[in-house]
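Q: One structure follows; several queries about it will come next.
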Amino acid sequence: MTERTRPGLWPAARAAVAPAGPPVGPAGRPGSPPAGESTGRRSARPRLLVLVSQPDAAALAALLAATVAFGLFARGFATIDNFRSILISVAIVACMALGENLVILAGEIDVSVGSTLALAGFVAGPIAVDTDNIWLTLAVGVGVGLLGGLINGLVVAYTRVPSIVATLGTLYAYQGLALLWSHSKNVVSVPEGASVLGAGRVHGFPTPALVVLVAFVLLTLWRRNTNVGRDLIAVGANRQAARTMGVRIRAELILAFLLCGTLAGLAAVLYLGEVGGIQTSVVGTNLVLQVIAACAIGGTSIQGGRGTDLAPLIGALLVGVITSGVVVLGVPGVWFPCVYGGFILLAVARDRLWQPRVVS
Amino acid sequence: MALTVPVVLRREPVLRAASLVVLLGLELAVFAAMSPSFLTESNVYNIATQGTENGILALGMAIVIASGGIDLSVGAILALSSIMIGYTVGHGLPLSVAVAVCLLTGLACGLVNGLLVVLLRLHPLLVTLGTYAVYQGLALGISKGYGFSGFPRSFEYFGQTYIGAVPAQCVFWLILAVVVYLVVRMTPAGRRLLAVGINEVAARYAGVRAGGVRLAVYGTSGLLAGIASLIYSSRVFSVRGDSGAGLELLAIAAVVVGGATIRGGEISVLRTTLAVLVIGVIPNGLALAGIDTSLQFVTIGVVMVAAIAINELFVRRVPAVA
Amino acid sequence: MTRVHCRQTRRGTIAAAALLLPVTLAACSTGTRNNGGSAGTGGTPGNGSKVIVLIPKQTSDPFFTNAEQGAKEAAGELGYTINYVGPTTADAAGQVTTIENAIQTKPAAITISANDPNAVAPALKRAAAAGIVVSSYNADVAPDARQFFISQASDDGLAKTIVDTMAEQTGGKGHFLLVTSTSTAANQNTWLAKMKEYIPTKYPDMVIDQVVPGNDDPATVLSVTSSYLAAHKSDTTGVWVIGGGMSAAVKAQQRLGIDPKKMPVAGLCIPSDVRVAVKSGLIKNCVLWSPADTAYADVYAIDAKIKGKLPTGSGTLAAGRLGTLQVADGIVSVGNPVTFTADNIDKYQF
């Protein structure tokens, strides 16, 4: 089946790849597929509303509730300065989460994103310090991430190795490569020019957050308006049906991992700008868990096939709001992981409300 | 990837175990060539004692994965259980009570995981992600960031003594491995475990209470993590809130390198244990040869993928009925 | 079904036997292995080897790569080689493994900056029993697990200097945020405790409003400092950073439009991290010590110990370019902490 015949098949294919039974919304009504996912015909709804859909609504509500609660109870939380600093600190996780979201939607998982960020950071870092050129830094960082994602995608698509295992292997491999490349030296003092993506402001709005928003818009447009983009969710929802309908599974998988890696590389460039360098201790952090948590909290189903691009952003913001709120409230530092974990559990439990009981 | 299920009645288990043995032998040969101190008796003990905790965690992980789930919180359960030993001893209670508290903590943590997965029907990856952070947080919070080391000499028993000429913890590991093997292969409980892992729907129709199986599985994983924490804390004779970091990934790696599929339905105690050794000798061999620590990670990653690829050659996969 | 079951059982027996094989081999061999005992006993110190194993908290930390250079300098003068090895993350278990692996290679000495003073003790005692000289530097271990400790600066002295440098920039009063490294780092907790003891005695108007872990991660330091300062911009007088990432705290201030000269950042720092900030006056001064000097002294002390020249009670040690150092009860004092300012920071390249 060629690309040219696909558009006509799409509505039929979509029906075929829907998960068992009609999707159940939070109110328990069977309804049309969540508005955030493409139906192949021009929707009458205005674009902005279509960006926000049923699965996102619950996460958004939680975000608003948390913000309001902290604003009321934590003195000093609800300031422009604080919101700006939250945006800056979640930009990195949000950027990676956008990519991880694609992989999860396709029914796989990528646990190597943290190591990819480290590798990209250590390769692009010295270049940033030496040349002070943001474009070169960006090209190198994104390039390394792309390569890393490509390798992941090829392994998952062409071997029978499950993605969690393959990316576990690349997690270790990229981590080691990052440490080797760095010669045990941290990258420090990234100059102004090369930091602009991570450290600047556009009319008062932090640049890294802007970069993430741009990436989000591009991704949503791609997923909504191209066949390749729309097919991605089919790969996760019901792979057998998607294959039957002619979706090129391998290509989709490779693309998903490739984008995930690319976004991790972009996040590395943001990191270099934001933090002004990168330390070898980064490889030991649980960045990947934060990224997966952001996707899950935002509403993307970990089993694949359900979720939107907005979900990781909401999830990342929610985690950022909680982290900031906890600091401002004065909770002793030792209890942070507990709060964070309790939050993931709550979010995941909430997730269960709109997910139909999967029997097999 | 076509939907397939691994065939349960496989004809090649010996071959797959053999491939691991060959891989291990290869590693031993290479490392022995790189360093004269590698194949010494004391280094073999070294490898064995270092591998015990990972080995016990891998047993638990193998059981969980066989049931079709996953447990990311075992490292944190280890940390929390060890903190509880310190807490108990620190409050003047006898060591036997502390040991009981430790095992109970592990069991309780595991059961909480199980309850969240079963009662709320939440995905184990996310549940254990959350509980990982919660247990880690509890460990840090209860200890307030401080370590504890005021243990009586008798605490050395678990991690620093010998039974005959063999380190005690290796004997415990062996006993646990044999017990798990026997339960899985020879009891109805073991068959129920595999049934749930292979096809939960079919198992339910056959009368297996999947919820009960899962509860038992996660509880066992937690209990084994508690045992591992006992050995670890005894070996270093102190406890800290941040121990156990990264151990869950190593356990998963061991199970997977051992040839079990991550989707569940198969378990091999022998292959998992061999895999623990295959992975465990790498850092030791490289360290003795004076090779950079960062290269260890790369080697582990490469060996993992290679071992899994070899495993995949042997598995006969039958297409599932569409 | 039954036949297959039997076959599987037979295979299982073979498997169990295979598992038992290495264990039986080990059991059949004889051999003693010393366990426990205090670090003072052991055979001829040094084992005749010329290798010193230098274990950092974390191999990639520039602080410790600097220590490695100092050690290599002294080793070159005395005829030893340094084997710099350790975990890639600041992990106590990783250090235990490193020690146990190092014992196999029978070096002359093992010296360590411990992530946890007690976790590494049993392994160190085994090393000492194998005739290896055991010492610690920078972060001490349980005293009965090492033969001596190289102290660059006492915890008391360090805590006082950290407090004093901030006090002189803020007139000795105000409200402060304190950013540490990780919740569990032993020396962090010690310094924190000593700071809390010292402040009320000399500066009763200085108050630590909040303590937040920065996890030695600049991104975390940036984020928690930003959050805190965004909320408490007007009533914070200064920010102490006693873990890694001081430059990130300054960055956080700048992003919020706070002038670091008006809200001083002080504490412990690594020159490579803060060089730019110190030279441009954003940080007036900050404190550390020279890890290279510490390690240099360490190698000299090890050499003295092997030759039997290290005093066991009080005495002195001749330490090459560092001159004569005081030794008391197993602690070799190298000197005082260094306060880095714009004038001297270029002398320190780590």
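Numbering starts fresh at 1 for the residues of each chain in the structure tokens, the chains themselves are lettered A, B, ... in the order given, and ligands are numbered from 1 as they appear.
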Skip B:Ile310 itself and residues of its chain fewer than 3 positions away, then list as a PyMOL selection string all residues within 9 Å of it, counting only C-alpha atoms.

A: chain B and resi 16+19+259+305-307+313-314

Q: May I have the selected residues written with N, CA and C atoms, as a PDB file, in the first residue's frame?

A:
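The new file part.pdb reads:
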ATOM      1  N   ARG B  16      20.718 -23.289  26.261  1.00  0.00           N
ATOM      2  CA  ARG B  16      20.763 -21.891  26.661  1.00  0.00           C
ATOM      3  C   ARG B  16      21.605 -21.710  27.915  1.00  0.00           C
ATOM      4  N   SER B  19      25.147 -21.897  26.879  1.00  0.00           N
ATOM      5  CA  SER B  19      25.703 -20.693  26.243  1.00  0.00           C
ATOM      6  C   SER B  19      26.143 -19.689  27.297  1.00  0.00           C
ATOM      7  N   GLY B 259      17.900 -14.975  29.981  1.00  0.00           N
ATOM      8  CA  GLY B 259      17.080 -15.531  28.930  1.00  0.00           C
ATOM      9  C   GLY B 259      15.593 -15.465  29.157  1.00  0.00           C
ATOM     10  N   VAL B 305      23.528  -6.952  25.654  1.00  0.00           N
ATOM     11  CA  VAL B 305      22.860  -7.064  24.361  1.00  0.00           C
ATOM     12  C   VAL B 305      23.309  -8.333  23.640  1.00  0.00           C
ATOM     13  N   ALA B 306      24.613  -8.639  23.737  1.00  0.00           N
ATOM     14  CA  ALA B 306      25.103  -9.839  23.070  1.00  0.00           C
ATOM     15  C   ALA B 306      24.453 -11.095  23.646  1.00  0.00           C
ATOM     16  N   ALA B 307      24.393 -11.164  24.960  1.00  0.00           N
ATOM     17  CA  ALA B 307      23.814 -12.349  25.599  1.00  0.00           C
ATOM     18  C   ALA B 307      22.354 -12.506  25.219  1.00  0.00           C
ATOM     19  N   LEU B 313      18.271 -16.473  19.743  1.00  0.00           N
ATOM     20  CA  LEU B 313      18.481 -17.491  18.713  1.00  0.00           C
ATOM     21  C   LEU B 313      17.847 -18.814  19.104  1.00  0.00           C
ATOM     22  N   PHE B 314      17.829 -19.047  20.405  1.00  0.00           N
ATOM     23  CA  PHE B 314      17.384 -20.360  20.841  1.00  0.00           C
ATOM     24  C   PHE B 314      15.895 -20.462  21.103  1.00  0.00           C
TER      25      PHE B 314
END

Q: Can you pull out every residue from stretch 95-133 of chain C that DSSP, working from the backbone, puts in strand (DSSP E), and format the result as a list in words?

A: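 Put together, the selection reads Ala109, Ile110, Thr111, Ile112 and Val133 of chain C.
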
Q: Which neighbours of stretch 190-199 of chain C fall inside 8 Å, counting only C-alpha atoms, when residues of the same chain fewer than 6 positions from it are skipped, and could you give them as an MDAnalysis selection string?

A: chainID C and resid 155:156 158:160 163 206

Q: Based on only C-alpha atoms, which of the residues in chain C come within 7 Å of chain A? I want them as a list of chain:residue names.

A: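 Taking only C-alpha atoms into account, C:Ser60, C:Pro62, C:Thr89, C:Ser183, C:Gln210, C:Val212, C:Pro213, C:Pro218, C:Ala219, C:Ser223, C:Val224, C:Ser226, C:Ser227, C:Tyr228, C:Ala230, C:Ala231, C:His232, C:Ala248, C:Leu256, C:Asp273 sit within 7 Å of chain A.
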
Q: Write to file, as a PDB file, in the first residue's frame, the residues of the selection just made, with C-alpha atoms.

A:
ATOM      1  CA  SER C  60      34.906  11.974  38.176  1.00  0.00           C
ATOM      2  CA  PRO C  62      37.427  17.308  39.878  1.00  0.00           C
ATOM      3  CA  THR C  89      28.917   7.880  41.783  1.00  0.00           C
ATOM      4  CA  SER C 183      21.111  14.347  52.759  1.00  0.00           C
ATOM      5  CA  GLN C 210      16.141  26.623  55.773  1.00  0.00           C
ATOM      6  CA  VAL C 212      17.942  22.232  51.409  1.00  0.00           C
ATOM      7  CA  PRO C 213      19.928  19.411  49.801  1.00  0.00           C
ATOM      8  CA  PRO C 218      24.135  22.182  39.787  1.00  0.00           C
ATOM      9  CA  ALA C 219      20.724  21.727  38.189  1.00  0.00           C
ATOM     10  CA  SER C 223      16.214  24.886  40.976  1.00  0.00           C
ATOM     11  CA  VAL C 224      15.946  24.839  44.771  1.00  0.00           C
ATOM     12  CA  SER C 226      15.493  29.735  42.556  1.00  0.00           C
ATOM     13  CA  SER C 227      12.383  28.429  44.254  1.00  0.00           C
ATOM     14  CA  TYR C 228      13.447  29.573  47.662  1.00  0.00           C
ATOM     15  CA  ALA C 230      11.674  33.645  44.432  1.00  0.00           C
ATOM     16  CA  ALA C 231       9.555  33.273  47.519  1.00  0.00           C
ATOM     17  CA  HIS C 232      11.860  34.916  50.028  1.00  0.00           C
ATOM     18  CA  ALA C 248      24.531  27.618  40.227  1.00  0.00           C
ATOM     19  CA  LEU C 256      15.852  36.520  39.554  1.00  0.00           C
ATOM     20  CA  ASP C 273      33.217  25.889  39.365  1.00  0.00           C
TER      21      ASP C 273
END

Q: As number ranges by chain, could you give me every residue of chain C near chain B (at most 6 Å apart, counting only C-alpha atoms)?

A: C: 27, 104-105, 118-119, 183-184

Q: Output the contact residues of chain B with respect to chain A at a cut-off of 6 Å, based on only C-alpha atoms, as a list in words.

A: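 Listed by rising number, the hits are Gly130, Ala133, Val134, Gly137, Leu140, Gly141, Val201, Ser294, Leu295, Phe297, Val298 and Gly301 of chain B.
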
Q: Among stretch 86-274 of chain A, which residues does DSSP mark as alpha helix (DSSP H) when it is run on the backbone? Keep the chain and numbering as in the structure and answer as a PyMOL selection string.

A: chain A and resi 86-105+113-131+134-158+163-182+192-199+207-225+227-237+239-244+249-274
